[in-house]
>>> print(open('query28.cif').read())   # mmCIF, C-alpha atoms
data_target
loop_
_atom_site.label_atom_id
_atom_site.label_comp_id
_atom_site.auth_asym_id
_atom_site.auth_seq_id
_atom_site.Cartn_x
_atom_site.Cartn_y
_atom_site.Cartn_z
CA MET A 1 11.09 -19.55 -57.47
CA THR A 2 9.56 -17.21 -54.92
CA ARG A 3 8.31 -20.22 -53.04
CA ARG A 4 11.88 -21.43 -52.61
CA ILE A 5 13.31 -18.04 -51.76
CA LEU A 6 10.63 -17.02 -49.28
CA PRO A 7 11.66 -19.37 -46.44
CA LEU A 8 15.25 -18.32 -46.91
CA PHE A 9 14.20 -14.70 -46.80
CA ILE A 10 12.22 -15.26 -43.60
CA PHE A 11 15.21 -17.08 -42.16
CA PHE A 12 17.51 -14.15 -42.83
CA VAL A 13 15.05 -11.62 -41.45
CA LEU A 14 14.81 -13.70 -38.28
CA MET A 15 18.58 -14.00 -38.10
CA GLY A 16 18.80 -10.25 -38.48
CA PHE A 17 16.50 -9.68 -35.52
CA LEU A 18 18.35 -12.21 -33.40
CA ALA A 19 21.74 -10.76 -34.30
CA GLN A 20 20.50 -7.30 -33.45
CA SER A 21 19.39 -8.32 -29.98
CA LEU A 22 22.64 -10.21 -29.52
CA PHE A 23 24.79 -7.15 -30.15
CA ASP A 24 22.42 -4.75 -28.49
CA SER A 25 24.19 -4.77 -25.14
CA ASP A 26 21.91 -2.05 -23.83
CA SER A 27 20.12 -3.75 -20.99
CA GLU A 28 18.45 -0.55 -19.83
CA LEU A 29 14.74 -0.86 -19.52
CA PRO A 30 12.44 2.04 -20.28
CA SER A 31 10.89 3.47 -17.15
CA PRO A 32 7.11 3.79 -17.03
CA LEU A 33 7.64 6.71 -14.65
CA ILE A 34 8.78 9.13 -17.37
CA GLY A 35 6.18 11.88 -17.56
CA LYS A 36 4.85 11.07 -14.13
CA SER A 37 5.34 12.73 -10.80
CA ILE A 38 7.92 11.43 -8.36
CA PRO A 39 6.38 9.01 -5.84
CA GLN A 40 5.12 10.04 -2.44
CA PHE A 41 7.50 9.54 0.45
CA THR A 42 8.59 10.78 3.81
CA LEU A 43 12.27 10.18 4.31
CA GLN A 44 14.87 11.21 6.82
CA ASN A 45 17.73 13.52 5.94
CA LEU A 46 20.97 11.59 6.34
CA ILE A 47 22.80 14.51 7.92
CA THR A 48 20.23 16.51 9.89
CA GLU A 49 17.83 13.59 10.51
CA GLU A 50 14.87 15.84 9.73
CA MET A 51 11.97 14.32 7.84
CA TYR A 52 11.26 15.42 4.27
CA SER A 53 8.30 14.64 2.03
CA ASN A 54 8.32 14.46 -1.75
CA GLU A 55 6.49 17.82 -1.81
CA GLU A 56 9.26 19.49 0.15
CA ILE A 57 12.13 18.59 -2.14
CA ILE A 58 10.56 19.74 -5.41
CA GLY A 59 10.32 23.30 -6.73
CA GLU A 60 13.38 23.46 -8.94
CA ILE A 61 14.61 21.49 -11.92
CA SER A 62 16.84 18.95 -10.23
CA LEU A 63 18.54 15.62 -10.49
CA ILE A 64 17.69 12.79 -8.14
CA ASN A 65 20.61 10.43 -7.76
CA VAL A 66 20.18 6.98 -6.21
CA TRP A 67 23.42 5.88 -4.61
CA ALA A 68 24.97 3.71 -1.93
CA THR A 69 28.42 3.07 -0.56
CA TRP A 70 28.15 -0.61 -1.52
CA CYS A 71 27.57 0.31 -5.14
CA VAL A 72 30.65 0.19 -7.35
CA GLY A 73 29.17 2.32 -10.13
CA CYS A 74 28.42 5.07 -7.61
CA GLU A 75 32.09 5.43 -6.79
CA ILE A 76 32.86 5.75 -10.50
CA GLU A 77 30.36 8.54 -11.08
CA HIS A 78 30.97 10.38 -7.82
CA GLU A 79 33.74 12.63 -9.09
CA PHE A 80 31.56 13.75 -11.97
CA LEU A 81 28.64 14.48 -9.63
CA VAL A 82 30.92 16.67 -7.50
CA GLU A 83 32.06 18.47 -10.68
CA LEU A 84 28.45 18.91 -11.75
CA SER A 85 27.42 20.34 -8.39
CA GLN A 86 30.15 22.98 -8.67
CA ASP A 87 29.15 24.04 -12.16
CA GLU A 88 27.75 27.53 -11.63
CA ASN A 89 26.47 27.96 -15.16
CA LEU A 90 24.34 24.89 -14.84
CA ASP A 91 23.28 25.43 -11.24
CA ILE A 92 21.25 22.27 -10.89
CA PRO A 93 20.70 20.81 -7.42
CA ILE A 94 21.38 17.08 -7.01
CA ILE A 95 19.13 15.34 -4.53
CA GLY A 96 20.69 12.17 -3.16
CA LEU A 97 18.69 9.09 -2.35
CA ASN A 98 20.88 6.89 -0.19
CA TRP A 99 19.60 3.41 -0.92
CA LYS A 100 19.80 0.59 1.66
CA ASP A 101 22.97 1.90 3.16
CA ASP A 102 24.71 2.26 6.47
CA ASP A 103 24.40 5.83 7.83
CA GLN A 104 27.94 5.97 9.16
CA LEU A 105 29.49 4.63 5.97
CA ALA A 106 27.40 7.02 3.89
CA LYS A 107 28.50 10.03 5.94
CA LEU A 108 32.12 8.91 5.79
CA TRP A 109 31.85 8.57 1.99
CA LEU A 110 30.56 12.14 1.66
CA ASN A 111 33.25 13.49 3.98
CA GLN A 112 36.02 11.77 2.10
CA LEU A 113 34.91 12.00 -1.51
CA GLY A 114 33.03 15.29 -1.34
CA ASP A 115 29.33 16.01 -1.07
CA PRO A 116 27.65 16.93 -4.38
CA TYR A 117 24.15 16.77 -2.94
CA SER A 118 21.86 19.63 -1.98
CA ILE A 119 20.17 17.16 0.33
CA VAL A 120 20.59 13.44 1.01
CA LEU A 121 17.54 11.45 2.02
CA LYS A 122 17.95 7.91 3.22
CA ASP A 123 15.90 4.91 2.24
CA PRO A 124 17.18 2.11 4.47
CA GLU A 125 14.36 -0.31 3.65
CA GLY A 126 14.44 0.33 -0.10
CA LYS A 127 10.71 1.04 -0.15
CA THR A 128 11.00 4.42 -1.88
CA ALA A 129 13.51 2.96 -4.31
CA ILE A 130 10.86 0.45 -5.40
CA ASP A 131 8.43 3.35 -5.87
CA PHE A 132 11.05 4.97 -8.10
CA GLY A 133 11.35 1.71 -10.05
CA VAL A 134 15.02 1.49 -9.13
CA TYR A 135 16.69 -1.77 -9.98
CA GLY A 136 20.36 -1.06 -9.95
CA ALA A 137 22.27 1.83 -8.46
CA PRO A 138 23.38 4.29 -9.55
CA GLU A 139 20.28 5.71 -11.19
CA THR A 140 19.70 9.35 -11.96
CA PHE A 141 16.37 11.06 -12.59
CA LEU A 142 15.83 14.49 -14.08
CA ILE A 143 12.77 16.19 -12.60
CA ASP A 144 11.16 19.54 -13.34
CA SER A 145 9.97 22.11 -10.81
CA ASN A 146 6.67 20.26 -10.41
CA GLY A 147 8.39 16.99 -9.62
CA ILE A 148 7.62 15.40 -12.99
CA ILE A 149 10.24 12.90 -14.12
CA HIS A 150 11.59 13.72 -17.60
CA PHE A 151 14.55 11.44 -17.92
CA LYS A 152 16.14 8.49 -16.21
CA HIS A 153 19.65 7.21 -16.56
CA ILE A 154 20.70 3.81 -15.25
CA GLY A 155 24.36 3.28 -14.45
CA PRO A 156 27.22 5.65 -13.72
CA LEU A 157 26.76 9.14 -15.06
CA ASP A 158 29.61 10.89 -16.82
CA ARG A 159 30.08 14.08 -18.80
CA GLU A 160 29.50 12.39 -22.12
CA ILE A 161 26.17 10.86 -21.10
CA PHE A 162 25.17 14.06 -19.35
CA GLU A 163 25.82 16.20 -22.40
CA ARG A 164 24.29 13.72 -24.81
CA ASP A 165 21.16 12.67 -22.91
CA ILE A 166 20.42 15.11 -20.12
CA LEU A 167 21.43 18.52 -21.48
CA PRO A 168 18.96 18.40 -24.41
CA VAL A 169 16.09 17.56 -22.07
CA LEU A 170 17.24 20.31 -19.72
CA GLY A 171 17.21 22.72 -22.66
CA GLU A 172 13.60 21.88 -23.37
CA LEU A 173 12.64 22.43 -19.76
CA ASN A 174 14.29 25.84 -19.45
CA MET B 1 1.45 -40.06 -7.33
CA ILE B 2 -0.65 -37.78 -5.19
CA ARG B 3 1.63 -38.40 -2.30
CA ARG B 4 4.62 -37.49 -4.40
CA ALA B 5 2.92 -34.32 -5.61
CA THR B 6 2.04 -33.34 -2.07
CA PHE B 7 5.61 -33.97 -1.04
CA PHE B 8 6.86 -31.84 -3.91
CA LEU B 9 4.49 -29.03 -3.04
CA PHE B 10 5.52 -29.27 0.57
CA MET B 11 9.19 -29.11 -0.34
CA MET B 12 8.53 -26.16 -2.58
CA PHE B 13 7.02 -24.16 0.26
CA PHE B 14 9.61 -25.42 2.63
CA THR B 15 12.61 -24.44 0.53
CA SER B 16 11.56 -21.08 -0.81
CA GLY B 17 9.40 -19.82 2.04
CA ILE B 18 11.28 -16.66 2.84
CA SER B 19 9.85 -15.89 6.27
CA ALA B 20 6.43 -16.00 4.69
CA ASN B 21 5.27 -18.38 7.35
CA GLU B 22 2.89 -15.84 8.83
CA LEU B 23 0.65 -16.08 5.78
CA ASP B 24 -2.22 -18.54 5.79
CA THR B 25 -2.26 -21.39 3.30
CA ASN B 26 -4.26 -19.63 0.63
CA ASP B 27 -2.18 -16.44 0.86
CA GLN B 28 0.95 -18.52 0.99
CA MET B 29 0.05 -20.10 -2.34
CA ARG B 30 -0.70 -16.70 -3.86
CA TYR B 31 2.63 -15.43 -2.57
CA GLN B 32 4.50 -18.36 -4.05
CA SER B 33 2.90 -18.05 -7.45
CA LEU B 34 3.28 -14.24 -7.54
CA ILE B 35 6.98 -14.23 -6.73
CA GLN B 36 7.55 -16.73 -9.51
CA GLU B 37 5.81 -14.50 -12.00
CA VAL B 38 7.92 -11.48 -11.11
CA ARG B 39 11.24 -11.07 -12.82
CA CYS B 40 14.27 -10.08 -10.83
CA LEU B 41 15.48 -7.08 -12.79
CA VAL B 42 19.05 -7.17 -11.58
CA CYS B 43 19.53 -10.76 -12.68
CA GLN B 44 17.16 -10.77 -15.59
CA ASN B 45 16.88 -14.50 -16.06
CA GLN B 46 15.64 -15.31 -12.60
CA SER B 47 12.34 -14.73 -10.90
CA VAL B 48 12.36 -12.93 -7.56
CA ALA B 49 11.53 -16.31 -6.02
CA GLU B 50 14.87 -17.69 -7.19
CA SER B 51 17.09 -14.70 -6.70
CA ASN B 52 19.10 -13.70 -3.68
CA ALA B 53 19.68 -10.18 -4.92
CA GLU B 54 18.80 -7.43 -2.46
CA LEU B 55 16.18 -6.01 -4.78
CA ALA B 56 14.53 -9.44 -5.10
CA LYS B 57 14.36 -9.67 -1.31
CA ASP B 58 12.79 -6.22 -1.14
CA LEU B 59 10.25 -7.12 -3.81
CA ARG B 60 9.35 -10.34 -2.02
CA ARG B 61 8.87 -8.42 1.21
CA GLU B 62 6.73 -5.84 -0.58
CA ILE B 63 4.56 -8.51 -2.23
CA LYS B 64 4.10 -10.26 1.09
CA LEU B 65 3.16 -7.02 2.82
CA GLN B 66 0.60 -6.23 0.16
CA ILE B 67 -0.94 -9.70 0.44
CA GLN B 68 -1.21 -9.15 4.18
CA ASP B 69 -2.84 -5.80 3.47
CA GLY B 70 -5.51 -7.67 1.55
CA LYS B 71 -4.45 -6.51 -1.93
CA SER B 72 -5.56 -8.64 -4.86
CA ASP B 73 -3.13 -10.24 -7.31
CA ILE B 74 -4.13 -7.72 -9.95
CA GLU B 75 -3.53 -4.80 -7.60
CA ILE B 76 -0.09 -6.14 -6.73
CA LYS B 77 0.82 -6.69 -10.37
CA THR B 78 -0.40 -3.21 -11.28
CA TYR B 79 1.73 -1.81 -8.49
CA LEU B 80 4.79 -3.49 -9.99
CA LEU B 81 3.91 -2.61 -13.59
CA ASP B 82 3.45 1.07 -12.72
CA ARG B 83 6.97 1.22 -11.35
CA TYR B 84 9.01 -1.18 -13.41
CA GLY B 85 7.05 -1.63 -16.63
CA GLU B 86 6.04 -4.68 -18.67
CA PHE B 87 9.37 -6.36 -18.25
CA ILE B 88 8.91 -7.16 -14.59
CA LEU B 89 6.27 -9.78 -15.28
CA TYR B 90 7.28 -12.93 -17.08
CA GLU B 91 3.92 -13.16 -18.74
CA PRO B 92 3.31 -9.99 -20.74
CA ALA B 93 -0.07 -8.35 -20.29
CA PHE B 94 -2.59 -8.72 -23.08
CA THR B 95 -2.52 -5.22 -24.59
CA GLN B 96 -2.49 -3.68 -28.05
CA LYS B 97 1.28 -3.54 -27.91
CA THR B 98 1.64 -7.22 -27.13
CA LEU B 99 -1.14 -8.41 -29.44
CA PHE B 100 1.29 -9.57 -32.11
CA LEU B 101 3.43 -11.29 -29.52
CA TRP B 102 0.45 -13.26 -28.24
CA PHE B 103 -0.85 -14.24 -31.63
CA SER B 104 2.49 -14.79 -33.36
CA PRO B 105 2.58 -18.55 -32.62
CA ILE B 106 -0.84 -19.00 -34.24
CA ILE B 107 0.06 -16.76 -37.18
CA LEU B 108 3.31 -18.65 -37.71
CA LEU B 109 1.54 -21.98 -37.43
CA LEU B 110 -1.04 -20.97 -40.04
CA MET B 111 1.69 -19.62 -42.31
CA PHE B 112 3.65 -22.84 -42.13
CA TYR B 113 0.50 -24.90 -42.60
CA GLY B 114 -0.32 -23.00 -45.80
CA TRP B 115 3.23 -23.25 -46.98
CA PHE B 116 3.54 -27.00 -46.39
CA ARG B 117 0.24 -27.63 -48.13
CA LYS B 118 1.46 -25.72 -51.15
CA ILE B 119 4.66 -27.72 -51.19
CA GLY B 120 2.68 -30.96 -50.74
CA ASN B 121 0.69 -30.16 -53.83
#
>>> encode(input="query28.cif", output="structure tokens")
Amino acid sequence: MTRRILPLFIFFVLMGFLAQSLFDSDSELPSPLIGKSIPQFTLQNLITEEMYSNEEIIGEISLINVWATWCVGCEIEHEFLVELSQDENLDIPIIGLNWKDDDQLAKLWLNQLGDPYSIVLKDPEGKTAIDFGVYGAPETFLIDSNGIIHFKHIGPLDREIFERDILPVLGELN
Amino acid sequence: MIRRATFFLFMMFFTSGISANELDTNDQMRYQSLIQEVRCLVCQNQSVAESNAELAKDLRREIKLQIQDGKSDIEIKTYLLDRYGEFILYEPAFTQKTLFLWFSPIILLLMFYGWFRKIGN
């Protein structure tokens, strides 16, 4: 009896696994950078054109947001980022990484939609984005005051995701 | 046969040589095989050799630069793994985590062999 049932059992277990991956629409990949320091870079400030290194932007718990004007998801999350930057209770700086973008378009975007960023660094070649393991904008990293990455979110950020995924990690850091 | 294979190889370089023409033949071959092993993460079912996504272009450029810098294949793969994780390579590395994955075909084969023999008897 067992001999007959066993293959059927294996079949259903396999089906179960396959079904799970079929309905698991979460295509986010875990980042190997969690727990590591942000990569080294020297990038130009979009607005002032001064050069900044990775050492110079750390020192506070902050968010690093990878965005571009060509990125649809970035437009969706922008309003929330502006809201977040004005939240005085939270008081968390958002560092913008403008990925493979046009300077003029990027500046226009910030003028028109509001500027949530404490600083915007530009990465026209996408080299630093590769170092951050970025594969689709928008992506948002939570870093501590030493520049260690504690969380990464891929895709547009909104209040729900922020409160569910980022706030708890923030709580641990504070 | 050989002529056909040479022609095929030639066409392969010719069609997917994304401005990699400054590499010498040996490096060119390394470049070609590397970019086919690297998954384009935006379009997860293509290699960066096949994809026209911006990120794939950037990764190809980066791989080429590193070859020109004299980096070994392992160094280049480690560079990618450190940033993007296991998933970026089509062939998963042989680690404790992937041990089952690597041996599962053999395990399954043995299981089925045992099972069929039992049924045969």
>>> resolve_selection(input="query28.cif", expression="the PyMOL selection byres ((chain A) within 10 of (chain B))", output="list in words")
Arg3, Arg4, Leu6, Pro7, Ser27, Leu29, Pro30, Ser31, Pro32, Leu33, Pro39, Lys100, Glu125, Gly126, Lys127, Ala129, Ile130, Asp131, Phe132, Gly133, Val134, Tyr135 and Gly136 of chain A
>>> resolve_selection(input="query28.cif", expression="the PyMOL selection byres ((chain B and resi 65-75) around 12)", output="mmCIF file with C-alpha atoms, in the frame of the given file")
data_model
loop_
_atom_site.group_PDB
_atom_site.id
_atom_site.type_symbol
_atom_site.label_atom_id
_atom_site.label_comp_id
_atom_site.auth_asym_id
_atom_site.auth_seq_id
_atom_site.Cartn_x
_atom_site.Cartn_y
_atom_site.Cartn_z
ATOM 1 C CA LYS A 127 10.710 1.040 -0.150
ATOM 2 C CA SER B 19 9.850 -15.890 6.270
ATOM 3 C CA ALA B 20 6.430 -16.000 4.690
ATOM 4 C CA ASN B 21 5.270 -18.380 7.350
ATOM 5 C CA GLU B 22 2.890 -15.840 8.830
ATOM 6 C CA LEU B 23 0.650 -16.080 5.780
ATOM 7 C CA ASP B 24 -2.220 -18.540 5.790
ATOM 8 C CA ASN B 26 -4.260 -19.630 0.630
ATOM 9 C CA ASP B 27 -2.180 -16.440 0.860
ATOM 10 C CA GLN B 28 0.950 -18.520 0.990
ATOM 11 C CA MET B 29 0.050 -20.100 -2.340
ATOM 12 C CA ARG B 30 -0.700 -16.700 -3.860
ATOM 13 C CA TYR B 31 2.630 -15.430 -2.570
ATOM 14 C CA GLN B 32 4.500 -18.360 -4.050
ATOM 15 C CA SER B 33 2.900 -18.050 -7.450
ATOM 16 C CA LEU B 34 3.280 -14.240 -7.540
ATOM 17 C CA ILE B 35 6.980 -14.230 -6.730
ATOM 18 C CA GLU B 37 5.810 -14.500 -12.000
ATOM 19 C CA VAL B 38 7.920 -11.480 -11.110
ATOM 20 C CA ASP B 58 12.790 -6.220 -1.140
ATOM 21 C CA LEU B 59 10.250 -7.120 -3.810
ATOM 22 C CA ARG B 60 9.350 -10.340 -2.020
ATOM 23 C CA ARG B 61 8.870 -8.420 1.210
ATOM 24 C CA GLU B 62 6.730 -5.840 -0.580
ATOM 25 C CA ILE B 63 4.560 -8.510 -2.230
ATOM 26 C CA LYS B 64 4.100 -10.260 1.090
ATOM 27 C CA ILE B 76 -0.090 -6.140 -6.730
ATOM 28 C CA LYS B 77 0.820 -6.690 -10.370
ATOM 29 C CA THR B 78 -0.400 -3.210 -11.280
ATOM 30 C CA TYR B 79 1.730 -1.810 -8.490
ATOM 31 C CA LEU B 80 4.790 -3.490 -9.990
ATOM 32 C CA LEU B 81 3.910 -2.610 -13.590
ATOM 33 C CA ASP B 82 3.450 1.070 -12.720
ATOM 34 C CA LEU B 89 6.270 -9.780 -15.280
ATOM 35 C CA ALA B 93 -0.070 -8.350 -20.290
#
>>> atom_distance(input="query28.cif", atom1="atom CA of A:Ile5", atom2="atom CA of B:Gly114")
15.7 Å
>>> resolve_selection(input="query28.cif", expression="the PyMOL selection byres ((chain A and resi 47-52) around 10)", output="list in words")
Phe41, Thr42, Leu43, Gln44, Asn45, Leu46, Ser53, Asn54, Glu55, Glu56, Ile57, Asp103, Ala106, Lys107, Ile119, Val120, Leu121 and Lys122 of chain A
>>> atom_distance(input="query28.cif", atom1="atom CA of A:Ile76", atom2="atom CA of A:Ile161")
13.5 Å
>>> atom_distance(input="query28.cif", atom1="atom CA of A:Lys36", atom2="atom CA of A:Pro116")
25.5 Å
>>> closest_residue(input="query28.cif", among="A:Ser37, A:Gln112, A:Ser62, A:Asn174", to="A:His78", atoms="only C-alpha atoms")
A:Gln112
>>> residues_around(input="query28.cif", residues="A:Phe141", least_positions_apart="6", cutoff="10 Å", atoms="all atoms listed in the file", output="PyMOL selection string")
chain A and resi 33-34+38+62-66+94-95+132+148-154+166
>>> decode(input="query28.cif", residues="stretch 109-131 of chain A", atoms="N, CA and C atoms", output="PDB file, in the first residue's frame")
ATOM      1  N   TRP A 109      12.676  67.897 -12.345  1.00  0.00           N
ATOM      2  CA  TRP A 109      11.832  66.965 -11.569  1.00  0.00           C
ATOM      3  C   TRP A 109      11.749  67.431 -10.121  1.00  0.00           C
ATOM      4  N   LEU A 110      12.918  67.752  -9.540  1.00  0.00           N
ATOM      5  CA  LEU A 110      12.951  68.161  -8.133  1.00  0.00           C
ATOM      6  C   LEU A 110      12.267  69.513  -7.932  1.00  0.00           C
ATOM      7  N   ASN A 111      12.422  70.400  -8.917  1.00  0.00           N
ATOM      8  CA  ASN A 111      11.776  71.709  -8.825  1.00  0.00           C
ATOM      9  C   ASN A 111      10.263  71.581  -8.884  1.00  0.00           C
ATOM     10  N   GLN A 112       9.814  70.683  -9.757  1.00  0.00           N
ATOM     11  CA  GLN A 112       8.369  70.583  -9.965  1.00  0.00           C
ATOM     12  C   GLN A 112       7.654  69.719  -8.931  1.00  0.00           C
ATOM     13  N   LEU A 113       8.290  68.611  -8.573  1.00  0.00           N
ATOM     14  CA  LEU A 113       7.609  67.657  -7.688  1.00  0.00           C
ATOM     15  C   LEU A 113       8.013  67.805  -6.218  1.00  0.00           C
ATOM     16  N   GLY A 114       8.983  68.654  -5.965  1.00  0.00           N
ATOM     17  CA  GLY A 114       9.475  68.815  -4.597  1.00  0.00           C
ATOM     18  C   GLY A 114      10.729  68.002  -4.393  1.00  0.00           C
ATOM     19  N   ASP A 115      11.586  68.493  -3.474  1.00  0.00           N
ATOM     20  CA  ASP A 115      12.871  67.836  -3.249  1.00  0.00           C
ATOM     21  C   ASP A 115      12.930  67.231  -1.850  1.00  0.00           C
ATOM     22  N   PRO A 116      12.774  65.909  -1.736  1.00  0.00           N
ATOM     23  CA  PRO A 116      12.779  65.272  -0.416  1.00  0.00           C
ATOM     24  C   PRO A 116      14.193  64.959   0.081  1.00  0.00           C
ATOM     25  N   TYR A 117      15.187  65.234  -0.735  1.00  0.00           N
ATOM     26  CA  TYR A 117      16.527  64.730  -0.442  1.00  0.00           C
ATOM     27  C   TYR A 117      17.377  65.731   0.348  1.00  0.00           C
ATOM     28  N   SER A 118      18.157  65.197   1.285  1.00  0.00           N
ATOM     29  CA  SER A 118      19.110  66.039   2.000  1.00  0.00           C
ATOM     30  C   SER A 118      20.281  66.340   1.071  1.00  0.00           C
ATOM     31  N   ILE A 119      20.556  65.412   0.174  1.00  0.00           N
ATOM     32  CA  ILE A 119      21.604  65.597  -0.817  1.00  0.00           C
ATOM     33  C   ILE A 119      21.293  64.641  -1.983  1.00  0.00           C
ATOM     34  N   VAL A 120      21.574  65.086  -3.192  1.00  0.00           N
ATOM     35  CA  VAL A 120      21.404  64.197  -4.349  1.00  0.00           C
ATOM     36  C   VAL A 120      22.752  64.031  -5.033  1.00  0.00           C
ATOM     37  N   LEU A 121      23.224  62.812  -5.086  1.00  0.00           N
ATOM     38  CA  LEU A 121      24.473  62.527  -5.789  1.00  0.00           C
ATOM     39  C   LEU A 121      24.124  61.876  -7.111  1.00  0.00           C
ATOM     40  N   LYS A 122      24.902  62.169  -8.126  1.00  0.00           N
ATOM     41  CA  LYS A 122      24.539  61.589  -9.425  1.00  0.00           C
ATOM     42  C   LYS A 122      25.533  60.523  -9.864  1.00  0.00           C
ATOM     43  N   ASP A 123      24.959  59.509 -10.477  1.00  0.00           N
ATOM     44  CA  ASP A 123      25.735  58.357 -10.933  1.00  0.00           C
ATOM     45  C   ASP A 123      25.412  58.129 -12.413  1.00  0.00           C
ATOM     46  N   PRO A 124      25.962  58.990 -13.276  1.00  0.00           N
ATOM     47  CA  PRO A 124      25.571  58.937 -14.684  1.00  0.00           C
ATOM     48  C   PRO A 124      25.965  57.638 -15.382  1.00  0.00           C
ATOM     49  N   GLU A 125      27.063  57.030 -14.951  1.00  0.00           N
ATOM     50  CA  GLU A 125      27.532  55.809 -15.607  1.00  0.00           C
ATOM     51  C   GLU A 125      26.884  54.554 -15.034  1.00  0.00           C
ATOM     52  N   GLY A 126      26.294  54.677 -13.854  1.00  0.00           N
ATOM     53  CA  GLY A 126      25.685  53.516 -13.213  1.00  0.00           C
ATOM     54  C   GLY A 126      26.677  52.617 -12.509  1.00  0.00           C
ATOM     55  N   LYS A 127      27.905  53.117 -12.333  1.00  0.00           N
ATOM     56  CA  LYS A 127      28.946  52.292 -11.705  1.00  0.00           C
ATOM     57  C   LYS A 127      28.674  52.084 -10.206  1.00  0.00           C
ATOM     58  N   THR A 128      28.295  53.170  -9.524  1.00  0.00           N
ATOM     59  CA  THR A 128      28.005  53.054  -8.095  1.00  0.00           C
ATOM     60  C   THR A 128      26.742  52.235  -7.864  1.00  0.00           C
ATOM     61  N   ALA A 129      25.795  52.363  -8.791  1.00  0.00           N
ATOM     62  CA  ALA A 129      24.564  51.569  -8.681  1.00  0.00           C
ATOM     63  C   ALA A 129      24.906  50.082  -8.702  1.00  0.00           C
ATOM     64  N   ILE A 130      25.838  49.679  -9.551  1.00  0.00           N
ATOM     65  CA  ILE A 130      26.253  48.275  -9.577  1.00  0.00           C
ATOM     66  C   ILE A 130      26.856  47.900  -8.225  1.00  0.00           C
ATOM     67  N   ASP A 131      27.671  48.802  -7.665  1.00  0.00           N
ATOM     68  CA  ASP A 131      28.269  48.521  -6.356  1.00  0.00           C
ATOM     69  C   ASP A 131      27.209  48.377  -5.266  1.00  0.00           C
TER      70      ASP A 131
END
